[in-house]
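Undergrad: Sharing input.txt (compact mmCIF, C-alpha atoms) below.
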# COMPACT_ATOMS: atom_id res chain seq x y z
CA MET A 1 -20.06 -3.32 19.30
CA ALA A 2 -23.27 -5.37 19.36
CA ASP A 3 -23.13 -8.99 20.49
CA ASP A 4 -24.74 -10.13 17.27
CA ASP A 5 -21.85 -8.83 15.13
CA GLN A 6 -20.93 -11.44 12.59
CA VAL A 7 -17.21 -11.59 11.83
CA ILE A 8 -15.72 -14.13 9.43
CA LEU A 9 -12.07 -14.32 8.40
CA LEU A 10 -11.10 -16.08 5.17
CA ASP A 11 -7.54 -17.14 5.89
CA PHE A 12 -4.64 -19.51 5.15
CA TRP A 13 -2.62 -20.84 8.06
CA ALA A 14 0.83 -19.96 6.68
CA SER A 15 -0.02 -16.50 5.33
CA VAL A 16 1.84 -13.60 6.98
CA PHE A 17 -1.02 -11.38 5.82
CA GLY A 18 -3.74 -13.52 7.39
CA MET A 19 -1.73 -13.60 10.62
CA ARG A 20 -1.84 -9.81 10.83
CA VAL A 21 -5.63 -9.86 10.95
CA ARG A 22 -5.64 -12.69 13.51
CA ILE A 23 -3.44 -10.61 15.81
CA ALA A 24 -5.64 -7.50 15.44
CA LEU A 25 -8.81 -9.49 16.15
CA ALA A 26 -7.14 -11.07 19.20
CA GLU A 27 -5.87 -7.72 20.51
CA LYS A 28 -9.45 -6.42 20.39
CA GLU A 29 -10.87 -9.70 21.76
CA ILE A 30 -13.30 -9.99 18.87
CA LYS A 31 -15.12 -13.30 18.40
CA TYR A 32 -14.93 -14.51 14.83
CA GLU A 33 -15.28 -17.54 12.61
CA SER A 34 -12.12 -18.56 10.81
CA ARG A 35 -12.41 -20.31 7.45
CA GLU A 36 -9.34 -21.92 5.95
CA GLU A 37 -8.98 -21.48 2.19
CA ASP A 38 -7.36 -24.15 0.04
CA LEU A 39 -5.01 -21.85 -1.86
CA PHE A 40 -3.20 -24.66 -3.70
CA GLY A 41 -6.40 -26.50 -4.53
CA LYS A 42 -9.60 -24.61 -5.18
CA LYS A 43 -10.58 -21.23 -3.77
CA SER A 44 -14.08 -21.09 -2.28
CA ASP A 45 -16.96 -19.38 -4.08
CA LEU A 46 -17.25 -17.11 -1.06
CA LEU A 47 -13.66 -15.90 -1.45
CA LEU A 48 -14.13 -15.25 -5.18
CA LYS A 49 -17.34 -13.35 -4.45
CA MET A 50 -15.93 -11.33 -1.54
CA ASN A 51 -12.62 -10.46 -3.21
CA PRO A 52 -13.31 -10.44 -6.95
CA VAL A 53 -10.44 -8.03 -7.70
CA TYR A 54 -7.56 -10.03 -6.18
CA LYS A 55 -9.17 -13.37 -5.21
CA LYS A 56 -6.78 -13.47 -2.24
CA ILE A 57 -6.87 -13.93 1.49
CA PRO A 58 -7.20 -12.46 4.02
CA VAL A 59 -10.74 -11.18 3.69
CA LEU A 60 -12.66 -9.97 6.71
CA ILE A 61 -16.41 -10.26 6.31
CA HIS A 62 -18.15 -8.03 8.85
CA ASN A 63 -21.92 -8.43 8.90
CA GLY A 64 -21.78 -9.63 5.30
CA LYS A 65 -19.55 -6.81 4.01
CA PRO A 66 -16.01 -7.68 2.85
CA VAL A 67 -12.83 -5.80 3.69
CA CYS A 68 -9.69 -6.83 1.79
CA GLU A 69 -5.91 -6.21 2.06
CA SER A 70 -4.44 -7.04 5.46
CA LEU A 71 -3.27 -3.59 6.59
CA ILE A 72 -6.52 -2.02 5.44
CA ILE A 73 -8.38 -4.70 7.44
CA VAL A 74 -6.25 -3.99 10.55
CA GLN A 75 -6.99 -0.26 10.30
CA TYR A 76 -10.69 -1.04 9.81
CA ILE A 77 -10.71 -3.24 12.92
CA ASP A 78 -8.97 -0.48 14.87
CA GLU A 79 -11.51 2.13 13.74
CA VAL A 80 -14.64 0.03 14.27
CA TRP A 81 -13.65 -1.42 17.68
CA LYS A 82 -12.14 1.85 18.83
CA ASP A 83 -13.25 1.46 22.44
CA ARG A 84 -10.38 -0.90 23.34
CA SER A 85 -6.67 -1.67 22.76
CA PRO A 86 -5.83 1.05 20.23
CA LEU A 87 -3.41 -0.15 17.56
CA MET A 88 -2.58 3.28 16.14
CA PRO A 89 -1.07 6.18 18.08
CA SER A 90 -3.37 9.12 18.78
CA ASP A 91 -1.05 11.88 17.54
CA PRO A 92 -1.43 12.58 13.77
CA TYR A 93 2.33 12.81 13.16
CA GLU A 94 2.98 9.51 14.94
CA ARG A 95 0.10 7.98 13.00
CA ALA A 96 1.72 9.14 9.76
CA GLN A 97 5.01 7.56 10.83
CA ALA A 98 3.21 4.31 11.70
CA ARG A 99 1.52 4.25 8.28
CA PHE A 100 4.84 5.02 6.58
CA TRP A 101 6.63 2.13 8.25
CA ALA A 102 3.80 -0.35 7.79
CA ASP A 103 3.77 0.65 4.10
CA PHE A 104 7.58 0.19 3.92
CA ILE A 105 7.31 -3.30 5.42
CA ASP A 106 4.39 -4.15 3.16
CA LYS A 107 6.23 -3.03 0.01
CA LYS A 108 9.67 -4.37 0.78
CA MET A 109 9.58 -7.56 2.88
CA TYR A 110 7.49 -10.00 0.87
CA LEU A 111 9.25 -10.38 -2.49
CA PRO A 112 12.84 -10.96 -1.29
CA SER A 113 11.52 -13.22 1.50
CA ARG A 114 9.70 -15.23 -1.13
CA ARG A 115 12.71 -15.36 -3.45
CA ILE A 116 14.96 -16.63 -0.70
CA ARG A 117 12.66 -19.65 -0.38
CA THR A 118 11.88 -20.26 -4.03
CA THR A 119 15.18 -19.71 -5.82
CA LYS A 120 18.78 -20.84 -5.59
CA GLY A 121 22.31 -19.77 -6.48
CA GLU A 122 22.87 -16.17 -7.51
CA GLU A 123 19.19 -15.25 -7.39
CA GLN A 124 18.93 -16.50 -3.82
CA GLU A 125 22.09 -14.60 -2.83
CA ALA A 126 20.64 -11.41 -4.28
CA ALA A 127 17.39 -11.94 -2.36
CA LYS A 128 19.37 -12.47 0.85
CA LYS A 129 21.30 -9.24 0.29
CA GLU A 130 18.04 -7.36 -0.30
CA LEU A 131 16.50 -8.82 2.84
CA PHE A 132 19.55 -7.81 4.86
CA GLU A 133 19.22 -4.20 3.64
CA ILE A 134 15.60 -4.13 4.78
CA PHE A 135 16.37 -5.65 8.19
CA LYS A 136 19.20 -3.16 8.64
CA ILE A 137 16.82 -0.26 8.10
CA LEU A 138 14.24 -1.78 10.45
CA GLU A 139 16.87 -2.51 13.14
CA GLU A 140 17.86 1.15 13.00
CA GLU A 141 14.28 2.38 13.09
CA LEU A 142 13.43 0.20 16.07
CA GLY A 143 16.54 1.32 17.95
CA ASP A 144 16.19 0.89 21.69
CA LYS A 145 12.40 1.25 21.74
CA PRO A 146 10.45 -1.74 23.08
CA TYR A 147 8.10 -1.56 20.09
CA PHE A 148 8.21 0.29 16.77
CA GLN A 149 5.67 2.86 17.93
CA GLY A 150 7.39 3.33 21.30
CA GLU A 151 6.02 1.97 24.55
CA ALA A 152 2.92 0.37 23.10
CA PHE A 153 2.52 -2.61 20.74
CA GLY A 154 0.71 -1.50 17.61
CA PHE A 155 0.15 -1.30 13.88
CA VAL A 156 3.78 -1.39 12.75
CA ASP A 157 4.61 -4.31 15.05
CA ILE A 158 1.61 -6.21 13.68
CA SER A 159 2.71 -5.59 10.09
CA LEU A 160 6.17 -7.06 10.72
CA ILE A 161 5.88 -9.67 13.51
CA THR A 162 4.01 -12.11 11.29
CA PHE A 163 7.15 -12.61 9.19
CA SER A 164 8.86 -13.98 12.31
CA SER A 165 7.18 -17.36 11.85
CA TRP A 166 9.19 -17.49 8.61
CA PHE A 167 12.52 -16.34 10.12
CA HIS A 168 13.77 -19.87 10.80
CA THR A 169 13.00 -20.72 7.16
CA PHE A 170 14.84 -17.64 5.82
CA GLU A 171 17.84 -18.35 8.03
CA THR A 172 18.06 -21.96 6.95
CA PHE A 173 17.67 -21.30 3.23
CA GLY A 174 19.88 -18.21 3.32
CA ASN A 175 22.43 -19.68 5.71
CA PHE A 176 22.56 -16.84 8.21
CA SER A 177 21.55 -16.04 11.78
CA LEU A 178 19.17 -13.14 12.27
CA GLU A 179 20.03 -12.94 15.98
CA VAL A 180 23.68 -12.35 15.16
CA GLU A 181 23.03 -9.84 12.41
CA PHE A 182 19.98 -8.03 13.86
CA PRO A 183 19.84 -8.54 17.64
CA LYS A 184 17.35 -5.74 18.31
CA ILE A 185 14.84 -7.16 15.84
CA ILE A 186 15.15 -10.61 17.42
CA ALA A 187 14.78 -9.20 20.94
CA TRP A 188 11.68 -7.33 19.73
CA THR A 189 10.35 -10.58 18.18
CA LYS A 190 10.66 -12.37 21.52
CA ARG A 191 8.98 -9.45 23.29
CA CYS A 192 6.04 -9.55 20.86
CA MET A 193 5.73 -13.33 21.20
CA GLU A 194 5.07 -12.83 24.94
CA ARG A 195 1.76 -11.26 23.97
CA GLU A 196 -1.03 -13.84 23.85
CA SER A 197 -2.53 -12.24 20.74
CA VAL A 198 0.71 -12.84 18.84
CA ALA A 199 1.61 -16.24 20.27
CA LYS A 200 -1.77 -17.75 19.41
CA SER A 201 -1.91 -16.16 15.92
CA LEU A 202 1.41 -17.37 14.59
CA PRO A 203 2.04 -20.94 13.44
CA ASP A 204 4.94 -23.07 14.64
CA PRO A 205 8.07 -22.06 12.66
CA LYS A 206 8.87 -25.77 12.21
CA LYS A 207 5.55 -26.27 10.39
CA ILE A 208 6.40 -23.30 8.15
CA TRP A 209 9.78 -24.88 7.41
CA THR A 210 8.19 -28.21 6.42
CA PHE A 211 5.69 -26.36 4.25
CA SER A 212 8.49 -24.40 2.52
CA VAL A 213 10.53 -27.52 1.87
CA GLU A 214 7.48 -29.16 0.27
CA ARG A 215 6.88 -26.09 -1.90
CA ARG A 216 10.52 -26.07 -3.03
CA ARG A 217 10.21 -29.71 -3.96
CA GLU A 218 7.03 -28.98 -5.93
CA LEU A 219 8.85 -26.18 -7.73
CA GLY A 220 11.58 -28.69 -8.63
CA LEU A 221 14.31 -26.79 -6.84
CA ASP A 222 15.82 -29.50 -4.63
CA MET B 1 1.19 29.56 16.64
CA ALA B 2 3.14 30.29 13.47
CA GLU B 3 2.83 27.30 11.24
CA GLU B 4 5.32 26.25 8.61
CA VAL B 5 4.26 23.90 5.85
CA LEU B 6 6.78 22.98 3.15
CA LEU B 7 6.24 20.73 0.16
CA PHE B 8 9.01 19.18 -1.91
CA GLY B 9 7.62 18.10 -5.26
CA VAL B 10 7.99 17.96 -9.00
CA TRP B 11 5.70 20.00 -11.28
CA GLY B 12 4.72 17.08 -13.51
CA SER B 13 4.26 14.39 -10.85
CA PRO B 14 0.76 13.14 -10.01
CA PHE B 15 2.02 12.21 -6.54
CA SER B 16 3.14 15.69 -5.53
CA ARG B 17 0.08 17.25 -7.23
CA ARG B 18 -2.10 15.06 -4.99
CA VAL B 19 -0.64 16.73 -1.95
CA GLU B 20 -1.13 20.19 -3.47
CA MET B 21 -4.76 19.36 -4.25
CA ALA B 22 -5.36 18.35 -0.62
CA LEU B 23 -3.60 21.43 0.77
CA LYS B 24 -5.61 23.71 -1.53
CA LEU B 25 -8.92 22.01 -0.65
CA LYS B 26 -8.12 22.60 3.04
CA GLY B 27 -6.98 26.17 2.40
CA ILE B 28 -3.51 25.59 3.86
CA GLN B 29 -0.68 27.97 3.03
CA TYR B 30 2.54 26.25 2.09
CA LYS B 31 5.94 26.89 0.58
CA TYR B 32 6.77 24.80 -2.47
CA PHE B 33 10.21 23.56 -3.50
CA GLU B 34 10.67 22.14 -7.00
CA GLU B 35 13.08 19.20 -7.02
CA ASP B 36 15.33 18.14 -9.87
CA LEU B 37 15.04 14.34 -9.80
CA THR B 38 18.35 13.98 -11.62
CA ASN B 39 20.04 16.02 -8.90
CA LYS B 40 18.10 15.65 -5.66
CA SER B 41 18.67 18.32 -3.04
CA PRO B 42 20.46 17.46 0.23
CA THR B 43 17.32 18.73 1.98
CA LEU B 44 15.12 16.17 0.24
CA LEU B 45 17.56 13.37 1.04
CA LYS B 46 17.61 14.50 4.66
CA TYR B 47 13.80 14.55 4.88
CA ASN B 48 13.27 11.25 3.04
CA PRO B 49 16.38 9.15 3.56
CA ILE B 50 14.50 5.84 3.14
CA HIS B 51 12.92 6.31 -0.29
CA LYS B 52 14.66 9.55 -1.43
CA LYS B 53 11.51 10.50 -3.33
CA ILE B 54 9.02 13.30 -3.67
CA PRO B 55 6.56 14.33 -2.44
CA VAL B 56 7.64 15.14 1.09
CA LEU B 57 5.53 17.37 3.33
CA VAL B 58 7.37 19.07 6.17
CA HIS B 59 5.11 20.41 8.91
CA ASN B 60 6.84 22.54 11.52
CA GLY B 61 10.12 20.81 10.73
CA LYS B 62 8.73 17.27 10.81
CA PRO B 63 8.77 15.35 7.49
CA ILE B 64 6.13 12.99 6.13
CA ALA B 65 6.69 10.92 2.97
CA GLU B 66 4.47 8.81 0.66
CA SER B 67 1.56 10.69 -0.94
CA GLN B 68 -1.26 8.56 0.51
CA VAL B 69 0.26 8.78 4.01
CA ILE B 70 0.56 12.56 3.56
CA LEU B 71 -3.10 12.83 2.51
CA GLU B 72 -4.23 10.98 5.66
CA TYR B 73 -2.01 13.26 7.76
CA ILE B 74 -3.40 16.41 6.15
CA ASP B 75 -6.98 15.28 6.78
CA GLU B 76 -6.27 14.43 10.43
CA THR B 77 -4.29 17.57 11.18
CA TRP B 78 -6.38 20.29 9.59
CA LYS B 79 -10.15 20.54 9.97
CA GLY B 80 -12.33 22.12 7.29
CA TYR B 81 -12.86 20.29 4.00
CA PRO B 82 -13.21 16.55 4.76
CA ILE B 83 -11.02 14.44 2.50
CA PHE B 84 -11.84 11.04 4.00
CA PRO B 85 -15.31 9.63 4.60
CA LYS B 86 -16.29 9.27 8.27
CA ASP B 87 -17.67 5.73 8.12
CA PRO B 88 -14.97 3.06 8.73
CA TYR B 89 -16.30 0.79 5.98
CA GLU B 90 -16.24 3.61 3.43
CA ARG B 91 -12.76 4.55 4.60
CA ALA B 92 -11.57 0.96 4.10
CA ASN B 93 -13.16 0.97 0.65
CA ALA B 94 -11.44 4.23 -0.32
CA ARG B 95 -8.08 2.91 0.92
CA PHE B 96 -8.60 -0.34 -1.01
CA TRP B 97 -9.18 1.41 -4.33
CA ALA B 98 -6.39 3.89 -3.69
CA LYS B 99 -3.97 0.99 -3.19
CA PHE B 100 -5.39 -0.67 -6.33
CA ILE B 101 -4.71 2.46 -8.36
CA ASP B 102 -1.13 2.89 -7.19
CA GLU B 103 -0.10 -0.77 -7.09
CA LYS B 104 -1.99 -2.17 -10.08
CA CYS B 105 -3.34 0.55 -12.38
CA LEU B 106 -0.23 2.69 -12.63
CA PRO B 107 2.15 -0.14 -13.55
CA GLY B 108 -0.53 -1.77 -15.74
CA ILE B 109 -1.15 1.45 -17.68
CA PHE B 110 2.56 2.15 -17.93
CA ASN B 111 3.12 -1.33 -19.34
CA ALA B 112 0.37 -0.87 -21.91
CA CYS B 113 1.87 2.43 -23.06
CA TRP B 114 5.56 1.69 -22.88
CA GLY B 115 5.98 -2.05 -22.39
CA GLU B 116 7.55 -4.53 -24.78
CA GLU B 117 6.05 -4.48 -28.26
CA LYS B 118 5.36 -8.19 -28.39
CA GLN B 119 3.42 -8.01 -25.10
CA HIS B 120 1.50 -4.92 -26.18
CA GLU B 121 -1.87 -6.48 -27.00
CA ASN B 122 -1.93 -8.40 -23.72
CA ALA B 123 -0.79 -5.37 -21.75
CA VAL B 124 -3.59 -3.26 -23.26
CA LYS B 125 -6.14 -5.98 -22.42
CA GLU B 126 -4.90 -6.15 -18.84
CA ALA B 127 -4.90 -2.38 -18.41
CA CYS B 128 -8.49 -2.21 -19.67
CA GLU B 129 -9.52 -4.93 -17.21
CA LEU B 130 -8.07 -2.82 -14.41
CA LEU B 131 -9.90 0.29 -15.62
CA LYS B 132 -13.11 -1.73 -15.75
CA HIS B 133 -12.92 -2.15 -11.97
CA LEU B 134 -12.79 1.64 -11.61
CA GLU B 135 -15.65 2.03 -14.09
CA ASN B 136 -17.72 -0.24 -11.82
CA GLU B 137 -16.59 1.57 -8.69
CA ILE B 138 -17.52 5.08 -9.88
CA GLY B 139 -20.92 3.80 -11.02
CA GLU B 140 -23.51 6.59 -10.96
CA LYS B 141 -21.57 8.72 -8.47
CA LYS B 142 -20.40 12.19 -9.43
CA TYR B 143 -17.09 11.64 -7.68
CA PHE B 144 -15.52 8.55 -6.11
CA GLY B 145 -16.11 10.40 -2.84
CA GLY B 146 -19.81 10.86 -3.61
CA GLU B 147 -21.10 14.42 -4.02
CA ALA B 148 -17.72 15.98 -3.33
CA ILE B 149 -14.09 15.24 -4.15
CA GLY B 150 -12.52 12.87 -1.66
CA PHE B 151 -9.36 10.89 -0.98
CA LEU B 152 -9.96 8.41 -3.80
CA ASP B 153 -10.61 11.15 -6.36
CA ILE B 154 -7.34 12.82 -5.39
CA VAL B 155 -5.40 9.54 -5.65
CA ALA B 156 -7.15 8.86 -8.96
CA ASN B 157 -5.72 12.14 -10.30
CA PHE B 158 -3.45 9.86 -12.29
CA ILE B 159 -6.47 8.46 -14.13
CA GLY B 160 -8.07 11.90 -14.32
CA PHE B 161 -5.20 13.67 -16.01
CA TRP B 162 -1.95 11.77 -16.44
CA LEU B 163 -3.56 8.83 -18.24
CA GLY B 164 -4.51 11.22 -21.04
CA ILE B 165 -0.93 12.51 -21.13
CA PHE B 166 0.44 8.95 -21.28
CA GLU B 167 -2.00 8.11 -24.07
CA GLU B 168 -0.92 11.09 -26.15
CA ALA B 169 2.76 10.57 -25.47
CA SER B 170 2.74 6.87 -26.31
CA GLY B 171 0.00 6.67 -28.93
CA THR B 172 -1.89 3.98 -26.98
CA LYS B 173 -5.52 4.82 -26.22
CA LEU B 174 -7.00 3.04 -23.23
CA LEU B 175 -9.83 5.11 -21.75
CA THR B 176 -12.38 5.24 -24.57
CA ARG B 177 -15.84 6.68 -23.99
CA GLU B 178 -17.41 3.57 -25.59
CA GLU B 179 -15.81 1.16 -23.16
CA PHE B 180 -15.70 3.43 -20.11
CA PRO B 181 -18.59 5.92 -20.24
CA LYS B 182 -18.81 6.43 -16.46
CA LEU B 183 -15.08 6.78 -15.86
CA SER B 184 -14.84 9.14 -18.86
CA ASN B 185 -17.60 11.27 -17.30
CA TRP B 186 -15.74 11.35 -14.01
CA VAL B 187 -12.55 12.47 -15.81
CA GLY B 188 -14.41 15.41 -17.35
CA VAL B 189 -15.97 16.44 -14.04
CA PHE B 190 -12.73 15.95 -12.10
CA VAL B 191 -10.45 18.08 -14.28
CA SER B 192 -12.93 20.96 -14.32
CA SER B 193 -13.61 20.91 -10.57
CA SER B 194 -12.56 23.77 -8.39
CA GLY B 195 -9.59 22.80 -6.25
CA ILE B 196 -8.38 20.44 -8.97
CA LYS B 197 -8.23 22.40 -12.22
CA GLU B 198 -5.96 25.05 -10.71
CA ASN B 199 -3.62 22.29 -9.52
CA LEU B 200 -3.06 20.37 -12.73
CA PRO B 201 0.34 20.85 -14.32
CA PRO B 202 0.40 23.61 -16.93
CA ALA B 203 2.23 23.21 -20.23
CA ARG B 204 0.60 19.97 -21.40
CA ASP B 205 2.92 19.78 -24.43
CA LYS B 206 5.96 20.09 -22.19
CA LEU B 207 4.67 17.21 -20.05
CA ILE B 208 4.01 15.02 -23.09
CA ALA B 209 7.47 15.78 -24.42
CA TYR B 210 8.97 14.97 -21.03
CA PHE B 211 7.33 11.51 -20.87
CA ARG B 212 8.31 10.80 -24.46
CA SER B 213 11.91 11.68 -23.65
CA GLN B 214 11.88 9.45 -20.57
CA PHE B 215 10.06 6.40 -21.90
CA GLY B 216 10.15 6.61 -25.68
CA THR B 217 7.36 7.11 -28.18
CA GLY B 218 5.50 4.00 -27.14
CA SER B 219 4.61 0.48 -28.26
CA THR B 220 2.75 0.05 -31.53
CA ASP B 221 -1.00 0.40 -31.37
CA ALA B 222 -2.36 -1.33 -34.41
CA THR B 223 -5.76 -1.90 -32.80
CA LYS B 224 -6.57 1.51 -31.30
Produce structure tokens that represent the structure in this file.
TA:
Amino acid sequence: MADDDQVILLDFWASVFGMRVRIALAEKEIKYESREEDLFGKKSDLLLKMNPVYKKIPVLIHNGKPVCESLIIVQYIDEVWKDRSPLMPSDPYERAQARFWADFIDKKMYLPSRRIRTTKGEEQEAAKKELFEIFKILEEELGDKPYFQGEAFGFVDISLITFSSWFHTFETFGNFSLEVEFPKIIAWTKRCMERESVAKSLPDPKKIWTFSVERRRELGLD
Amino acid sequence: MAEEVLLFGVWGSPFSRRVEMALKLKGIQYKYFEEDLTNKSPTLLKYNPIHKKIPVLVHNGKPIAESQVILEYIDETWKGYPIFPKDPYERANARFWAKFIDEKCLPGIFNACWGEEKQHENAVKEACELLKHLENEIGEKKYFGGEAIGFLDIVANFIGFWLGIFEEASGTKLLTREEFPKLSNWVGVFVSSSGIKENLPPARDKLIAYFRSQFGTGSTDATK
């Protein structure tokens, strides 16, 4: 791509969705400007203009044109900067499997992971049970492969690894140990964290914990 | 090489019809299996153990689930009619609106037709706001894909055909020509297009009756 490519990412430090785009940009070694949105205060005019439908981050603005929805952005990045570090497999069937699993993670992980942090009692227990079911499926799908797509880190890994910054928070609120219950997933998490693109894109889990505790307090839960 | 393409679907489902539309546009021969959703076949459960849903495409013994994933697979595997645009930005745009249709429009429209009575007016307002986005997106184009039917048109088959069925079954009218002239035009062009019209479910009355039996006769519609 040309050196005068302008890439801006509208982001929020704790967002698992924003993190996905950070990782993809880092994998491809793309220079970009990151702009932090104040999601609990006032969203910027730029965000509202670039994502009028959802008014959400992340938004990638490439030479003035916006791309929204994290997994769509990651695929876009992969297709535009196709000369390096491919994130998708090359075989159509494997690509279909990668899309299927990224879609599964996208549809299933967020809501129970949110409910575990923002509810208590029976509702929280139900969210924990749901989360366990999802992790069980993912543990099985990963199996003994180093990454979800096999030997190479890619699209499916990116869609899930960002939740790992929240694992400590889930475990503490839900009173369980992911390493005990899902050792393969945790081993995979550690493997992914050895990649610079992942390590520098994910926030400190302790900061996420503090943030979650504050949010719970604001919601009047504790 | 002898190729085997199987499709597990349901005659009245927009999701399995999407796959059939894509296969027909590409000229691919396939064997179709009608599923009974109240009594799913062991074969379906074997091919889609995660979601246990239709449609499932099985290509030379290998299954693919989720209609939008299947459409991408079909376009990448078989040459001929191009379903996706080539430009990455246009591809991202098509994927964005396809996700919008499935994640926002479908539940929004469903809610307007069959949601709680006391929420009805709000639900109708929200559904119309969603449709407005599609009205803006189609603009002056003949199809969402431009001059020819593309990925987004196929995913929008729900708006093109099933919305009308939902409206008739529930008595709630959403897509009026006054409010949505461009989208209404697209609907007319879409359902009469070659590759689409042969793949819409027959027996419209049967389909209406089916949705009525599943979801009831609909919320009240004092305003429309």
Undergrad: Using 8 Å as the limit and counting only C-alpha atoms, can you tabulate each residue of chain A that touches chain B, with its shortest atom-to-atom distance in Å and the two atoms involved, as a Markdown table?
TA:
| residue | atom | partner | partner_atom | distance |
| --- | --- | --- | --- | --- |
| A:Val53 | CA | B:His133 | CA | 7.7 |
| A:Val67 | CA | B:Ala92 | CA | 6.9 |
| A:Cys68 | CA | B:Phe96 | CA | 7.2 |
| A:Glu69 | CA | B:Phe96 | CA | 7.1 |
| A:Ile72 | CA | B:Ala92 | CA | 6.0 |
| A:Ile73 | CA | B:Ala92 | CA | 7.3 |
| A:Gln75 | CA | B:Ala92 | CA | 7.8 |
| A:Tyr76 | CA | B:Pro88 | CA | 6.0 |
| A:Glu79 | CA | B:Pro88 | CA | 6.2 |
| A:Val80 | CA | B:Pro88 | CA | 6.3 |
| A:Pro92 | CA | B:Tyr73 | CA | 6.1 |
| A:Tyr93 | CA | B:Tyr73 | CA | 6.9 |
| A:Arg95 | CA | B:Tyr73 | CA | 7.7 |
| A:Ala96 | CA | B:Tyr73 | CA | 5.9 |
| A:Gln97 | CA | B:Ile64 | CA | 7.3 |
| A:Arg99 | CA | B:Val69 | CA | 6.4 |
| A:Phe100 | CA | B:Val69 | CA | 6.5 |
Undergrad: Fewer than 3 positions away in the same chain doesn't count, so skip those; otherwise give me all residues within 10 Å of A:Leu111, counting only C-alpha atoms, as number ranges by chain.
TA: A: 106-108, 114-116, 127, 130-131
Undergrad: Please give the centre and size of the box around stretch 201-214 of chain B (axis-aligned, containing every atom listed in the file, 8 Å added per side), with values in Å to one decimal and written as lines of an AutoDock Vina configuration file.
TA:
center_x = 6.1
center_y = 16.5
center_z = -19.4
size_x = 27.6
size_y = 30.2
size_z = 26.1
Undergrad: Name the residues in contact with stretch 161-168 of chain B at a cut-off of 8 Å, using all atoms listed in the file, excluding same-chain residues fewer than 6 positions from it; report them as JSON, numbers by chain.
TA: {"B": [14, 109, 110, 113, 174, 187, 191, 200, 204, 207, 208, 211]}
Undergrad: Mind dumping the selected residues with C-alpha atoms as an mmCIF file, in the coordinates of the input?
TA:
data_model
loop_
_atom_site.group_PDB
_atom_site.id
_atom_site.type_symbol
_atom_site.label_atom_id
_atom_site.label_comp_id
_atom_site.auth_asym_id
_atom_site.auth_seq_id
_atom_site.Cartn_x
_atom_site.Cartn_y
_atom_site.Cartn_z
ATOM 1 C CA PRO B 14 0.760 13.140 -10.010
ATOM 2 C CA ILE B 109 -1.150 1.450 -17.680
ATOM 3 C CA PHE B 110 2.560 2.150 -17.930
ATOM 4 C CA CYS B 113 1.870 2.430 -23.060
ATOM 5 C CA LEU B 174 -7.000 3.040 -23.230
ATOM 6 C CA VAL B 187 -12.550 12.470 -15.810
ATOM 7 C CA VAL B 191 -10.450 18.080 -14.280
ATOM 8 C CA LEU B 200 -3.060 20.370 -12.730
ATOM 9 C CA ARG B 204 0.600 19.970 -21.400
ATOM 10 C CA LEU B 207 4.670 17.210 -20.050
ATOM 11 C CA ILE B 208 4.010 15.020 -23.090
ATOM 12 C CA PHE B 211 7.330 11.510 -20.870
#
Undergrad: Separation of atom CA of B:Lys125 and atom CA of B:Leu183, in Å?
TA: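 Atom-to-atom, atom CA of B:Lys125 and atom CA of B:Leu183 are spaced 16.9 Å apart.
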Undergrad: One number please: atom CA of B:Asn122 to atom CA of B:Glu179, in Å, one decimal.
TA: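 Atom-to-atom, atom CA of B:Asn122 to atom CA of B:Glu179, that is 16.9 Å.
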Undergrad: Could you work out how far atom CA of B:Ile149 lies from atom CA of B:Pro181, giving the answer in Å with one decimal?
TA: 19.1 Å
Undergrad: Give me the residues near B:Ala127 as a PDB file with C-alpha atoms, in the coordinates of the input, where near means some atom within 7 Å (using only C-alpha atoms) and where sequence neighbours in that chain fewer than 5 positions away do not count.
TA:
ATOM      1  CA  CYS B 105      -3.340   0.550 -12.380  1.00  0.00           C
ATOM      2  CA  GLY B 108      -0.530  -1.770 -15.740  1.00  0.00           C
ATOM      3  CA  ILE B 109      -1.150   1.450 -17.680  1.00  0.00           C
ATOM      4  CA  ALA B 112       0.370  -0.870 -21.910  1.00  0.00           C
TER       5      ALA B 112
END
Undergrad: When you look at A:Leu87 with a cut-off of 12 Å (counting all atoms listed in the file), what residues show up, excluding the ones that are within fewer than 6 positions of it in the same chain? I need them as a ChimeraX atom specification.
TA: /A:20-21,23-28,71,74-81,94-95,98-99,147-159
Undergrad: Which residue out of A:Lys65, A:Leu160, A:Leu9, A:Ser85 has the minimum interatomic distance to A:Met50 when all atoms listed in the file are used?
TA: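 Under the stated criterion, the closest residue is A:Lys65.
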Undergrad: For A:Thr169, list every protein, DNA or RNA residue within 10 Å, evaluated using only C-alpha atoms, and leave out those in the same chain fewer than 6 positions away; present the list as a PyMOL selection string.
TA: chain A and resi 113+116-117+175+205-213
Undergrad: Which one is closest to A:Leu221: A:Lys43, A:Lys128, A:Arg191, A:Lys120? Count all atoms listed in the file.
TA: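 Between A:Lys43, A:Lys128, A:Arg191, A:Lys120, the residue approaching A:Leu221 most closely is A:Lys120.
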Undergrad: For the point (16.8, 16.7, -3.5) in the file's frame, write as a PyMOL selection string all residues with an atom no more than 12 Å away, counting only C-alpha atoms.
TA: chain B and resi 7-10+33-49+51-56
